[in-house]
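Student: Handing over model30.txt, compact mmCIF, C-alpha atoms.
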```txt
# COMPACT_ATOMS: atom_id res chain seq x y z
CA MET A 89 2.06 -3.23 -10.40
CA ILE A 90 4.59 -1.16 -8.46
CA PHE A 91 6.70 -3.51 -6.35
CA GLN A 92 8.04 -2.68 -2.89
CA ASP A 93 11.73 -3.34 -3.63
CA PRO A 94 12.72 -1.67 -6.92
CA THR A 95 16.31 -2.93 -6.82
CA ALA A 96 15.00 -6.53 -6.83
CA ALA A 97 12.20 -5.89 -9.35
CA LEU A 98 14.26 -4.13 -12.05
CA ASP A 99 16.44 -6.42 -14.18
CA PRO A 100 20.07 -5.22 -13.75
CA LEU A 101 21.03 -6.48 -17.23
CA PHE A 102 18.74 -4.00 -19.03
CA THR A 103 18.97 -0.24 -19.38
CA VAL A 104 16.18 2.02 -18.19
CA GLU A 105 15.26 2.57 -21.84
CA GLN A 106 14.90 -1.15 -22.50
CA LEU A 107 12.81 -1.61 -19.34
CA LEU A 108 10.44 1.19 -20.31
CA LEU A 109 10.16 0.47 -24.02
CA GLU A 110 9.39 -3.24 -23.63
CA GLY A 111 5.94 -2.69 -22.11
CA LEU A 112 5.06 0.32 -24.23
CA ARG A 113 5.80 -1.43 -27.51
CA LYS A 114 4.16 -4.72 -26.59
CA HIS A 115 0.99 -3.37 -25.02
CA HIS A 116 0.42 -0.13 -26.91
CA ARG A 117 1.83 -1.19 -30.29
CA MET A 118 3.98 1.93 -30.56
CA SER A 119 6.88 2.44 -32.91
CA LYS A 120 10.29 2.60 -31.26
CA LYS A 121 10.34 6.40 -31.68
CA GLN A 122 6.87 6.85 -30.17
CA ALA A 123 7.70 4.53 -27.29
CA ARG A 124 10.94 6.38 -26.59
CA GLU A 125 9.17 9.74 -26.51
CA ALA A 126 6.55 8.32 -24.12
CA ALA A 127 9.29 6.81 -21.94
CA VAL A 128 11.19 10.10 -21.67
CA GLU A 129 7.98 11.92 -20.77
CA SER A 130 7.11 9.36 -18.07
CA LEU A 131 10.56 9.84 -16.50
CA ARG A 132 10.13 13.60 -16.67
CA MET A 133 6.81 13.26 -14.83
CA MET A 134 8.67 11.51 -12.02
CA ASN A 135 10.80 14.66 -11.63
CA LEU A 136 13.94 12.84 -12.74
CA ARG A 137 16.67 15.08 -14.10
CA ASP A 138 18.10 14.59 -17.58
CA PRO A 139 15.81 11.66 -18.58
CA GLU A 140 17.63 11.25 -21.92
CA GLU A 141 20.86 10.44 -20.09
CA LEU A 142 19.06 8.36 -17.50
CA MET A 143 17.65 6.12 -20.24
CA LYS A 144 21.18 4.85 -20.96
CA LYS A 145 21.82 3.70 -17.39
CA LYS A 146 21.16 0.35 -15.74
CA PRO A 147 19.35 0.01 -12.39
CA TYR A 148 22.52 -0.72 -10.38
CA GLU A 149 23.89 2.67 -11.45
CA LEU A 150 20.98 4.49 -9.79
CA SER A 151 20.10 5.28 -6.18
CA GLY A 152 17.23 3.45 -4.46
CA GLY A 153 14.98 6.50 -4.79
CA MET A 154 15.71 6.83 -8.50
CA CYS A 155 15.02 3.12 -9.05
CA GLN A 156 11.72 3.57 -7.23
CA ARG A 157 10.71 6.42 -9.54
CA VAL A 158 11.79 4.47 -12.63
CA MET A 159 9.61 1.55 -11.57
CA ILE A 160 6.67 3.87 -10.92
CA ALA A 161 7.27 5.44 -14.35
CA ILE A 162 7.13 1.98 -15.97
CA ALA A 163 3.80 1.22 -14.30
CA MET A 164 2.26 4.66 -14.89
CA SER A 165 3.39 4.83 -18.52
CA MET A 166 1.18 1.84 -19.26
CA LYS A 167 -1.91 3.88 -18.21
CA PRO A 168 -3.37 0.83 -16.46
CA ASP A 169 -7.05 0.40 -15.65
CA TYR A 170 -6.03 -1.10 -12.30
CA LEU A 171 -2.81 -0.20 -10.49
CA ILE A 172 -1.49 -2.15 -7.49
CA ALA A 173 1.13 -0.16 -5.56
CA ASP A 174 3.06 -1.97 -2.82
CA GLU A 175 4.71 0.68 -0.58
CA PRO A 176 5.27 2.91 -3.65
CA THR A 177 6.85 5.86 -1.81
CA THR A 178 9.03 4.13 0.82
CA ALA A 179 12.41 5.20 -0.62
CA LEU A 180 11.33 8.74 -1.58
CA ASP A 181 11.72 12.02 0.29
CA VAL A 182 8.51 13.81 1.30
CA THR A 183 8.53 16.29 -1.62
CA ILE A 184 8.85 13.58 -4.28
CA GLN A 185 6.41 11.41 -2.33
CA ALA A 186 3.75 14.12 -2.55
CA GLN A 187 4.31 14.49 -6.30
CA ILE A 188 4.04 10.73 -6.92
CA LEU A 189 0.87 10.48 -4.84
CA GLU A 190 -0.65 13.37 -6.80
CA LEU A 191 0.13 11.57 -10.08
CA MET A 192 -1.59 8.45 -8.75
CA ARG A 193 -4.56 10.50 -7.63
CA GLU A 194 -4.87 11.98 -11.14
CA LEU A 195 -4.73 8.50 -12.66
CA LYS A 196 -7.50 7.39 -10.30
CA GLU A 197 -9.81 10.41 -10.51
CA LYS A 198 -9.28 12.13 -13.85
CA GLU A 199 -8.96 8.93 -15.88
CA ASN A 200 -11.42 6.91 -13.75
CA LYS A 201 -8.88 4.18 -12.94
CA SER A 202 -8.69 1.89 -9.90
CA LEU A 203 -5.83 2.02 -7.41
CA MET A 204 -4.93 -0.44 -4.65
CA LEU A 205 -2.33 0.82 -2.17
CA ILE A 206 -0.53 -1.64 0.11
CA THR A 207 1.14 0.43 2.82
CA HIS A 208 1.87 0.83 6.52
CA ASP A 209 1.81 4.64 6.17
CA MET A 210 -1.52 5.67 7.67
CA GLY A 211 -1.00 9.24 6.46
CA VAL A 212 -0.94 8.00 2.86
CA VAL A 213 -4.03 5.89 3.57
CA ALA A 214 -5.91 8.90 4.97
CA GLU A 215 -4.96 11.06 1.98
CA MET A 216 -5.47 8.57 -0.85
CA ALA A 217 -7.97 5.86 0.07
CA ASP A 218 -11.74 5.66 -0.28
CA ASP A 219 -12.00 2.27 1.43
CA VAL A 220 -9.55 0.62 3.83
CA MET A 221 -8.84 -3.00 4.71
CA VAL A 222 -6.69 -3.42 7.83
CA MET A 223 -4.86 -6.76 7.77
CA TYR A 224 -2.89 -8.65 10.40
CA ALA A 225 -0.90 -11.85 9.79
CA GLY A 226 -2.68 -12.45 6.48
CA LYS A 227 -6.25 -11.93 7.75
CA GLU A 228 -8.68 -9.06 7.31
CA MET A 229 -9.26 -7.45 10.71
CA GLU A 230 -11.46 -4.54 9.66
CA TYR A 231 -12.90 -3.16 6.44
CA GLY A 232 -14.80 0.07 5.82
CA ASP A 233 -14.72 3.54 4.34
CA VAL A 234 -11.68 5.64 5.22
CA ARG A 235 -13.57 8.28 7.21
CA SER A 236 -15.21 5.68 9.48
CA ILE A 237 -11.97 3.75 10.03
CA PHE A 238 -10.08 6.85 11.18
CA LYS A 239 -12.94 8.45 13.13
CA ASP A 240 -14.18 5.34 14.92
CA PRO A 241 -11.84 2.31 14.61
CA LEU A 242 -13.58 -0.83 15.88
CA HIS A 243 -10.95 -3.57 15.96
CA PRO A 244 -8.33 -3.43 18.77
CA TYR A 245 -5.55 -3.75 16.18
CA THR A 246 -6.86 -0.80 14.14
CA ARG A 247 -7.08 1.29 17.30
CA GLY A 248 -3.52 0.31 18.20
CA LEU A 249 -2.22 1.28 14.77
CA LEU A 250 -3.81 4.72 14.92
CA LYS A 251 -2.63 5.33 18.49
CA SER A 252 0.94 4.53 17.34
CA ILE A 253 1.02 7.58 15.05
CA PRO A 254 2.90 10.51 16.68
CA ARG A 255 0.77 13.65 17.08
CA LEU A 256 1.85 17.28 16.71
CA ASP A 257 0.05 18.17 19.94
CA GLN A 258 1.83 15.40 21.84
CA SER A 259 4.42 16.41 24.41
CA SER A 260 7.99 15.36 23.66
CA ASP A 261 8.07 13.90 27.19
CA ASP A 262 5.19 11.53 26.48
CA PRO A 263 6.27 8.00 25.48
CA LEU A 264 5.19 6.83 22.03
CA PHE A 265 2.47 4.20 22.10
CA ASN A 266 3.37 0.76 20.82
CA ILE A 267 1.43 -2.48 20.51
CA PRO A 268 3.08 -4.97 22.89
CA GLY A 269 4.49 -8.25 21.61
CA SER A 270 5.33 -9.15 18.02
CA VAL A 271 3.66 -10.65 14.95
CA PRO A 272 3.42 -14.45 15.31
CA ASP A 273 5.35 -16.81 13.08
CA LEU A 274 3.13 -17.60 10.08
CA SER A 275 3.86 -21.32 10.57
CA GLU A 276 2.77 -21.20 14.22
CA MET A 277 -0.40 -19.13 14.32
CA PRO A 278 -2.43 -18.86 17.54
CA LYS A 279 -5.33 -21.30 17.71
CA GLY A 280 -7.97 -18.56 17.96
CA CYS A 281 -7.81 -14.94 16.81
CA ARG A 282 -4.46 -14.17 15.22
CA PHE A 283 -4.20 -10.96 17.24
CA CYS A 284 -5.13 -12.55 20.59
CA THR A 285 -1.53 -12.75 21.92
CA ARG A 286 -1.22 -8.94 21.66
CA CYS A 287 -4.80 -7.85 22.25
CA PRO A 288 -5.60 -6.12 25.59
CA GLU A 289 -9.24 -7.23 25.28
CA ALA A 290 -8.65 -10.94 24.50
CA ASP A 291 -10.49 -13.53 26.58
CA LYS A 292 -10.67 -17.34 26.61
CA ARG A 293 -12.86 -17.57 23.49
CA CYS A 294 -10.45 -15.32 21.56
CA ARG A 295 -7.59 -17.68 22.36
CA GLU A 296 -9.47 -20.86 21.50
CA GLN A 297 -11.65 -20.04 18.48
CA GLU A 298 -11.08 -17.78 15.50
CA PRO A 299 -13.81 -15.16 15.01
CA GLY A 300 -15.57 -14.63 11.71
CA LEU A 301 -15.86 -11.36 9.83
CA TYR A 302 -18.96 -9.66 11.23
CA ASP A 303 -21.05 -6.86 9.76
CA VAL A 304 -21.25 -3.74 11.97
CA ASN A 305 -23.39 -1.01 10.37
CA GLY A 306 -22.01 -1.70 6.90
CA ARG A 307 -18.45 -2.25 8.08
CA GLN A 308 -16.78 -5.62 8.60
CA VAL A 309 -14.83 -6.53 11.74
CA ARG A 310 -13.10 -9.80 12.70
CA CYS A 311 -13.62 -9.73 16.45
CA TRP A 312 -15.78 -11.74 18.88
CA LYS A 313 -16.84 -8.46 20.50
CA TYR A 314 -19.04 -7.75 17.46
CA ALA A 315 -20.39 -11.26 16.90
CA PRO A 316 -24.20 -11.56 16.75
CA GLU A 317 -26.10 -13.88 19.11
CA GLY A 318 -24.60 -17.35 18.61
CA GLY A 319 -21.40 -15.90 17.12
CA GLN A 320 -21.37 -17.79 13.82
CA ASP A 321 -23.28 -15.51 11.47
CA ASP A 322 -20.21 -14.03 9.79
CA VAL A 323 -20.00 -12.14 6.50
CA ARG A 324 -16.98 -14.12 5.36
CA GLY A 325 -14.91 -16.83 7.05
```
Take the structure I supplied and represent it as structure tokens, if you would.
Tutor:
Amino acid sequence: MIFQDPTAALDPLFTVEQLLLEGLRKHHRMSKKQAREAAVESLRMMNLRDPEELMKKKPYELSGGMCQRVMIAIAMSMKPDYLIADEPTTALDVTIQAQILELMRELKEKENKSLMLITHDMGVVAEMADDVMVMYAGKEMEYGDVRSIFKDPLHPYTRGLLKSIPRLDQSSDDPLFNIPGSVPDLSEMPKGCRFCTRCPEADKRCREQEPGLYDVNGRQVRCWKYAPEGGQDDVRG
């Protein structure tokens, strides 16, 4: 797993070398020399300069972007069958971001591995994902293939997210779209749909009863608008 906050995830008492070698030696049964060579190569793949010198440093001696790449190197060096990446490119500039995403794509496609991306960056979603689950306040709002989600978003929240993305053909005088309101406190959720307090299409039923997850031509949407006759025949609660 690649965690969102590398400065919190990397132990400050260990050097980069120790952090990398621990997993390699335990999981791949490498000698110390083999593990060190693999560790240096994984840092080099992250476009980090002078990896030999970097191996001697501790996380607090590195910038946030460097820590992020070190953590990605640790995860990628393990050659996992399933990689979970939580905002993996947040602290990286666009050039490094593109390189990291390409490495993840190679892991997924060339080595037939599985990748789960957790991100708010819809551009990364469009470029990397096959299937997309849009979540709000801990609930699935919409699930489907990436092309369908971007071409024809069904849930009001999904539509709001996509409208919030600035467009190149948008005039600089046009105000940026934003979804009104704010995410509810997780300890004080609305009685009905979790998005009802911000939804422009919400009615009385939305505010009083939570909708199920309904099938719409192979996609799944949590909205009363798509409920079948009777409204209870959901795919998943």
Student: Which residues of stretch 201-280 of chain A have any atom within 10 Å of an atom in stretch 186-190 of chain A when counting all atoms listed in the file, and what is the closest pair of atoms for each, with the distance in Å to one decimal? Order the rows by chain and rising number and write it as JSON lines.
Tutor:
```
{"residue": "A:Val212", "atom": "CA", "partner": "A:Leu189", "partner_atom": "CA", "distance": 8.3}
{"residue": "A:Glu215", "atom": "CA", "partner": "A:Leu189", "partner_atom": "CA", "distance": 9.0}
{"residue": "A:Met216", "atom": "CA", "partner": "A:Leu189", "partner_atom": "CA", "distance": 7.7}
```
Student: Taking 6 positions as the minimum chain separation for residues in the same chain, which residues sit within 9 Å of A:Ala161 when counting all atoms listed in the file? Answer as a PDB file with C-alpha atoms, in the coordinates of the input.
Tutor:
```
ATOM      1  CA  LEU A 108      10.440   1.190 -20.310  1.00  0.00           C
ATOM      2  CA  ALA A 127       9.290   6.810 -21.940  1.00  0.00           C
ATOM      3  CA  SER A 130       7.110   9.360 -18.070  1.00  0.00           C
ATOM      4  CA  LEU A 131      10.560   9.840 -16.500  1.00  0.00           C
ATOM      5  CA  ARG A 132      10.130  13.600 -16.670  1.00  0.00           C
ATOM      6  CA  MET A 133       6.810  13.260 -14.830  1.00  0.00           C
ATOM      7  CA  MET A 134       8.670  11.510 -12.020  1.00  0.00           C
TER       8      MET A 134
END
```
Student: Which one of A:Pro241, A:Gly248, A:Gly280, A:Phe91 sits closest to A:Ala163 if you count all atoms listed in the file?
Tutor: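 Counting all atoms listed in the file, the residue closest to A:Ala163 is A:Phe91.
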Student: Report the distance between atom CA of A:Gln122 and atom CA of A:Leu109 in Å, rounded to one decimal place.
Tutor: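 Answer for the atom CA of A:Gln122 to atom CA of A:Leu109 separation: 9.5 Å.
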Student: List every residue of stretch 226-250 of chain A that has an atom at most 10 Å from any atom of stretch 265-270 of chain A, and for each one report the closest atom pair and its distance in Å to one decimal, counting all atoms listed in the file, with rows sorted by chain and then by increasing residue number, as a Markdown table.
Tutor:
```
| residue | atom | partner | partner_atom | distance |
| --- | --- | --- | --- | --- |
| A:Pro244 | CA | A:Ile267 | CA | 10.0 |
| A:Tyr245 | CA | A:Ile267 | CA | 8.3 |
| A:Arg247 | CA | A:Ile267 | CA | 9.8 |
| A:Gly248 | CA | A:Ile267 | CA | 6.1 |
| A:Leu249 | CA | A:Ile267 | CA | 7.8 |
| A:Leu250 | CA | A:Phe265 | CA | 9.6 |
```
Student: Provide the atom CA of A:Thr177 to atom CA of A:Leu242 distance in Å, to one decimal place.
Tutor: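 Atom CA of A:Leu242 lies 27.8 Å from atom CA of A:Thr177.
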Student: Tell me which of A:Ala290, A:Leu101, A:Ala179, A:Ile90 sits closest to A:Met192, counting only C-alpha atoms.
Tutor: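 That would be A:Ile90, the residue with the smallest distance to A:Met192.
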Student: Give the answer as one residue: which of A:Cys155, A:Ala225, A:Leu203, A:Cys311 has the shortest atom-to-atom distance to A:Leu191, using all atoms listed in the file?
Tutor: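 Ranked by minimum distance to A:Leu191, first place goes to A:Leu203.
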Student: Looking at only C-alpha atoms, which of A:Met229, A:Val304, A:Met154, A:Met204 is the one that sits closest to A:Thr178?
Tutor: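 Under the stated criterion, the closest residue is A:Met154.
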Student: Identify, on the basis of only C-alpha atoms, every residue whose closest approach to A:Ser202 does not exceed 9 Å; exclude the query and any residue fewer than 3 positions from it along the same chain; express the result as a list of chain:residue names.
Tutor: A:Pro168, A:Asp169, A:Tyr170, A:Leu171, A:Ile172, A:Leu195, A:Lys196, A:Glu197
Student: Would you write out those residues with C-alpha atoms, as an mmCIF file, in the coordinates of the input?
Tutor:
```cif
data_model
loop_
_atom_site.group_PDB
_atom_site.id
_atom_site.type_symbol
_atom_site.label_atom_id
_atom_site.label_comp_id
_atom_site.auth_asym_id
_atom_site.auth_seq_id
_atom_site.Cartn_x
_atom_site.Cartn_y
_atom_site.Cartn_z
ATOM 1 C CA PRO A 168 -3.370 0.830 -16.460
ATOM 2 C CA ASP A 169 -7.050 0.400 -15.650
ATOM 3 C CA TYR A 170 -6.030 -1.100 -12.300
ATOM 4 C CA LEU A 171 -2.810 -0.200 -10.490
ATOM 5 C CA ILE A 172 -1.490 -2.150 -7.490
ATOM 6 C CA LEU A 195 -4.730 8.500 -12.660
ATOM 7 C CA LYS A 196 -7.500 7.390 -10.300
ATOM 8 C CA GLU A 197 -9.810 10.410 -10.510
#
```
Student: Determine the nearest neighbour of A:Pro147 from the options A:Glu129, A:Lys198, A:Pro94, A:Met118, counting only C-alpha atoms.
Tutor: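 Closest residue, counting only C-alpha atoms: A:Pro94.
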Student: Can you find the residues with an atom no farther than 8 Å from (22.0, 4.3, -21.3), counting all atoms listed in the file, and report them as a compact mmCIF listing (two decimals) with C-alpha atoms, in the frame of the given file?
Tutor:
```txt
# COMPACT_ATOMS: atom_id res chain seq x y z
CA THR A 103 18.97 -0.24 -19.38
CA VAL A 104 16.18 2.02 -18.19
CA GLU A 105 15.26 2.57 -21.84
CA GLU A 141 20.86 10.44 -20.09
CA LEU A 142 19.06 8.36 -17.50
CA MET A 143 17.65 6.12 -20.24
CA LYS A 144 21.18 4.85 -20.96
CA LYS A 145 21.82 3.70 -17.39
CA LYS A 146 21.16 0.35 -15.74
```
